[in-house]
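A.B. asks: I'd like to ask you about the structure that follows.
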Amino acid sequence: MSLPPLAPPLVDHHDEIVALCRAHGVERLEVFGSAADGRFDPDRSDFDFIVRMSPRPSASLPRRYLGFIDALEALLGRHVDVLSDGPIENPYLRQAVDASRRVLHDEPAAEASA
């Protein structure tokens with residue numbers, strides 16, 4: 001079974017998204033929801049992400065996290081929602097996330113924090 005297409009802005013800006021991940025110490029970035037399951041509406045949809053940040057001690061984690069969100073919003077031209085990669089306790093949200101999540105960026109901590 002083939003996966004539905006990613007939202008066009010994610011495909012068009014893939015290299016820039018990877019560069020933002022590296023600049024902000026993001027080890028793993030996943031997208032879920034309408035941008036990952038073929039229901040993306042360019043007029044109304046936002047982007048939903050799951051992020052795992054590196055434990056890079058040289059920069060404030062909250063500053064990197066918020067800076068990454070701001071940079072993604074600027075790049076994609078719309079609101080983004082970002083969850084941490086911790087356990088999702090709400091079973092309905094977890095089911096919805098797991099049904100559509102797709103990896104956009106994944107690299108070892110040593111590379112993400114370089």
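Order determines the names: the first chain of the structure tokens is A, the second B, and so forth; residues in each chain are numbered 1 upward, and ligands are numbered 1 upward as they are shown.
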Please report, as a Markdown table, each residue of range 4-74 of chain A lying at most 7 Å from range 94-111 of chain A, together with the nearest pair of atoms and the separation in Å rounded to one decimal; use only C-alpha atoms, and order rows by chain and ascending residue number.
C.D. replies:
```
| residue | atom | partner | partner_atom | distance |
| --- | --- | --- | --- | --- |
| A:Val18 | CA | A:His105 | CA | 6.3 |
| A:Glu27 | CA | A:Glu107 | CA | 5.4 |
| A:Arg28 | CA | A:Asp106 | CA | 4.3 |
| A:Leu29 | CA | A:His105 | CA | 5.0 |
| A:Glu30 | CA | A:Val103 | CA | 4.3 |
| A:Val31 | CA | A:Arg102 | CA | 5.4 |
| A:Phe32 | CA | A:Arg101 | CA | 4.2 |
| A:Gly33 | CA | A:Ser100 | CA | 5.9 |
| A:Ala36 | CA | A:Ser100 | CA | 5.9 |
| A:Asp37 | CA | A:Ser100 | CA | 5.7 |
| A:Ser54 | CA | A:Ala109 | CA | 5.7 |
```
A.B. asks: Show me, as a PyMOL selection string, the residues that have an atom within 8 Å of range 81-90 of chain A when counting only C-alpha atoms, minus same-chain residues fewer than 3 positions from it.
C.D. replies: chain A and resi 46-52+69+93-94
A.B. asks: Of the candidates A:Ala19, A:His24, A:Gly38, A:Arg56, which shows the shortest atom-to-atom distance to Ala7 in chain A, using only C-alpha atoms?
C.D. replies: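 Distance minimum relative to Ala7 in chain A lands on A:Gly38.
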A.B. asks: DSSP on the backbone, strand (DSSP E) only: what residues of chain A does that give? Format it as a VMD selection string.
C.D. replies: chain A and resid 26 to 32 47 to 53 80 to 84 102 to 106
A.B. asks: Go ahead and save the residues from that selection, with C-alpha atoms, as a PDB file, in the first residue's frame.
C.D. replies:
```pdb
ATOM      1  CA  VAL A  26      16.284  18.680  16.181  1.00  0.00           C
ATOM      2  CA  GLU A  27      17.184  14.987  16.067  1.00  0.00           C
ATOM      3  CA  ARG A  28      13.864  13.771  14.686  1.00  0.00           C
ATOM      4  CA  LEU A  29      10.901  15.516  13.079  1.00  0.00           C
ATOM      5  CA  GLU A  30       7.654  13.812  12.166  1.00  0.00           C
ATOM      6  CA  VAL A  31       4.499  15.201  10.610  1.00  0.00           C
ATOM      7  CA  PHE A  32       1.016  13.893  11.285  1.00  0.00           C
ATOM      8  CA  PHE A  47       0.883  21.660  10.184  1.00  0.00           C
ATOM      9  CA  ASP A  48       1.187  19.191  13.047  1.00  0.00           C
ATOM     10  CA  PHE A  49       4.634  17.967  14.030  1.00  0.00           C
ATOM     11  CA  ILE A  50       6.324  15.786  16.614  1.00  0.00           C
ATOM     12  CA  VAL A  51       9.847  16.835  17.504  1.00  0.00           C
ATOM     13  CA  ARG A  52      12.716  15.274  19.428  1.00  0.00           C
ATOM     14  CA  MET A  53      15.345  17.818  20.396  1.00  0.00           C
ATOM     15  CA  VAL A  80       2.359  24.934  13.190  1.00  0.00           C
ATOM     16  CA  ASP A  81       1.539  22.792  16.207  1.00  0.00           C
ATOM     17  CA  VAL A  82       4.494  20.955  17.684  1.00  0.00           C
ATOM     18  CA  LEU A  83       4.358  18.130  20.219  1.00  0.00           C
ATOM     19  CA  SER A  84       7.379  16.712  21.990  1.00  0.00           C
ATOM     20  CA  ARG A 102       5.604  10.192   8.925  1.00  0.00           C
ATOM     21  CA  VAL A 103       9.269  10.957   9.411  1.00  0.00           C
ATOM     22  CA  LEU A 104      10.613  14.104   7.741  1.00  0.00           C
ATOM     23  CA  HIS A 105      14.032  14.181   9.401  1.00  0.00           C
ATOM     24  CA  ASP A 106      15.977  11.700  11.526  1.00  0.00           C
TER      25      ASP A 106
END
```
A.B. asks: Can you pull out the residues contacting Leu72 in chain A? Cut-off 8 Å, using only C-alpha atoms, and skip same-chain residues under 4 positions away; I want them as a count of residues only.
C.D. replies: 5
A.B. asks: Could you pull out all residues of chain A with a DSSP call of helix (DSSP H, G or I) and give them as an NGL selection string?
C.D. replies: :A and (8-12 or 14-24 or 34-37 or 61-76 or 91-100 or 109-112)
A.B. asks: Find the distance between CA of His14 in chain A and CA of Arg78 in chain A and write it in Å to one decimal.
C.D. replies: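 Result for CA of His14 in chain A versus CA of Arg78 in chain A: 15.7 Å, one decimal.
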